[in-house]
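J.: Starting off with a structure, shown below.
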Amino acid sequence: MKVARSDKRYVFIDMSSNSDVTCPESIVDLLQSFHDDLIRITFDRLDVEEAFNLVRSATCGATSVFLGTTRDNFNGKEVSRLDYESYDEMAYKEMRQLCAEVRRKFPTIERIVFWHRVGEVPVEETSVIVAAASPHREEAIQAVEMGINKIKRRVTIWKKEVYTDGGCVWKENGEWRTMKEPQEPSATEEHSFAVASRTRNHCPKLLWLQQLTTPVNKMESQLPNRKETLP
């Protein structure tokens, strides 16, 4: 995964899925998805012209592109850069799933770009590109809006705001919190990651796995004692 951040030739598939089959038709569909669903997590600068050239098609009359860039302020504080970190294994899997969801909702979409930069992203530089091409503009625009909203809510990528005064804060994803845990924001994965990161002694993968096991542990604690249920 680390190599993929600096080499765009790498692609990933989720071999744990029960839906994966090895018939020729499925293999062809899989290879086609690598051509039509362009997913990238990288340390490199994102090139909007490259993204546009990859997503556009002669059969599509509409190409919609969204760029997310680092702004120079937040709540009156001057921002020098954003630092992004990703749990790549889950992020790739989730973005590929999002591509499938976008296609189900907007069947006319031909190509999709989901690119996210990690590491340091200075002010005015691009951190995320979402693009879609369709024969019709409505579908292209709505597909991009759906894509960026779901990336913000579901993909395991976190950011740290670094200020010009030397301070820094790991940021939760407020949209995710609002959608998933409106009553208990402190229970979200993003909140736990941000709290752990303040000590600069964090590991996104281990923390994420810990959060995933929490519901399982809660379920086990609610099960009746096996000894008590034995006759």
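So you can find residues: chains in the structure tokens are A, B, ... in the order shown, residues in each start at 1, and ligands are numbered from 1 in order.
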Would you give me, as a ChimeraX atom specification, the residues in stretch 91-125 of chain A that DSSP reads as alpha helix (DSSP H)?

T.: /A:91-105

J.: Can you work out the spacing between atom CA of A:Glu50 and atom CA of A:Lys171 in Å, to one decimal?

T.: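 Pair atom CA of A:Glu50 / atom CA of A:Lys171 returns 29.3 Å.
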
J.: Work out how far atom CA of A:Thr156 is from atom CA of A:Leu38, in Å to one decimal.

T.: 17.7 Å

J.: Counting only C-alpha atoms, what is within 6 Å of stretch 56-60 of chain A, bar same-chain residues fewer than 5 positions away, as an NGL selection string?

T.: :A and (133-135)

J.: Would you mind exporting C-alpha atoms of the selected residues as a PDB file, in the first residue's frame?

T.:
```
ATOM      1  CA  ALA A 133     -18.541  11.796 -17.122  1.00  0.00           C
ATOM      2  CA  SER A 134     -22.013  11.167 -18.515  1.00  0.00           C
ATOM      3  CA  PRO A 135     -23.932  11.865 -21.706  1.00  0.00           C
TER       4      PRO A 135
END
```

J.: To one decimal in Å, tell me the separation between atom CA of A:Arg81 and atom CA of A:Leu67.

T.: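 Atom CA of A:Arg81 sits 16.2 Å away from atom CA of A:Leu67.
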
J.: Would you please work out which residue, of A:Val118, A:Val128, A:Leu98, A:Val162, is nearest to A:Lys150 when using only C-alpha atoms?

T.: A:Leu98

J.: Please list as number ranges by chain every residue within 9 Å of A:Arg154, counting only C-alpha atoms and excluding residues in the same chain fewer than 2 positions away.

T.: A: 91, 94-95, 149-152, 156-157, 176

J.: Do a neighbour search on A:Asn75 at 12 Å with only C-alpha atoms, toss out local chain neighbours closer than 3 positions, and write the hits as a ChimeraX atom specification.

T.: /A:71-72,78-79,161,163

J.: Which residues come within 7 Å of A:Phe66, counting only C-alpha atoms, excluding same-chain residues fewer than 5 positions away, as a VMD selection string?

T.: chain A and resid 129 to 131 144

J.: Please save C-alpha atoms of the selected residues as a compact mmCIF listing (two decimals), in the first residue's frame.

T.:
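The resulting file, selection.txt, is shown below:
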```txt
# COMPACT_ATOMS: atom_id res chain seq x y z
CA ILE A 129 -10.57 15.38 -6.93
CA VAL A 130 -13.94 13.83 -7.72
CA ALA A 131 -14.99 13.71 -11.36
CA VAL A 144 -19.94 14.20 -8.31
```

J.: Would you mind listing what lies within 10 Å of A:Ala132 as a list in words, with only C-alpha atoms counted and same-chain residues fewer than 4 positions away left out?

T.: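 So the residues in contact are Asp36, Asp37, Ala51, Phe52, Val55, Arg56, Cys60, Ala62, Thr63, Ser64, Val65, Phe66, Val102, Ile109, Glu110, Arg111, Ile112, Val113, Phe114, Arg137, Glu139, Ala140, Ile141, Gln142, Ala143, Val144, Glu145 and Gly147 of chain A.
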
J.: Quick one: of A:Ile41, A:Cys168, A:Leu54, A:Met146, who's nearest to A:Ala100, counting only C-alpha atoms?

T.: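 Ranked by minimum distance to A:Ala100, first place goes to A:Met146.
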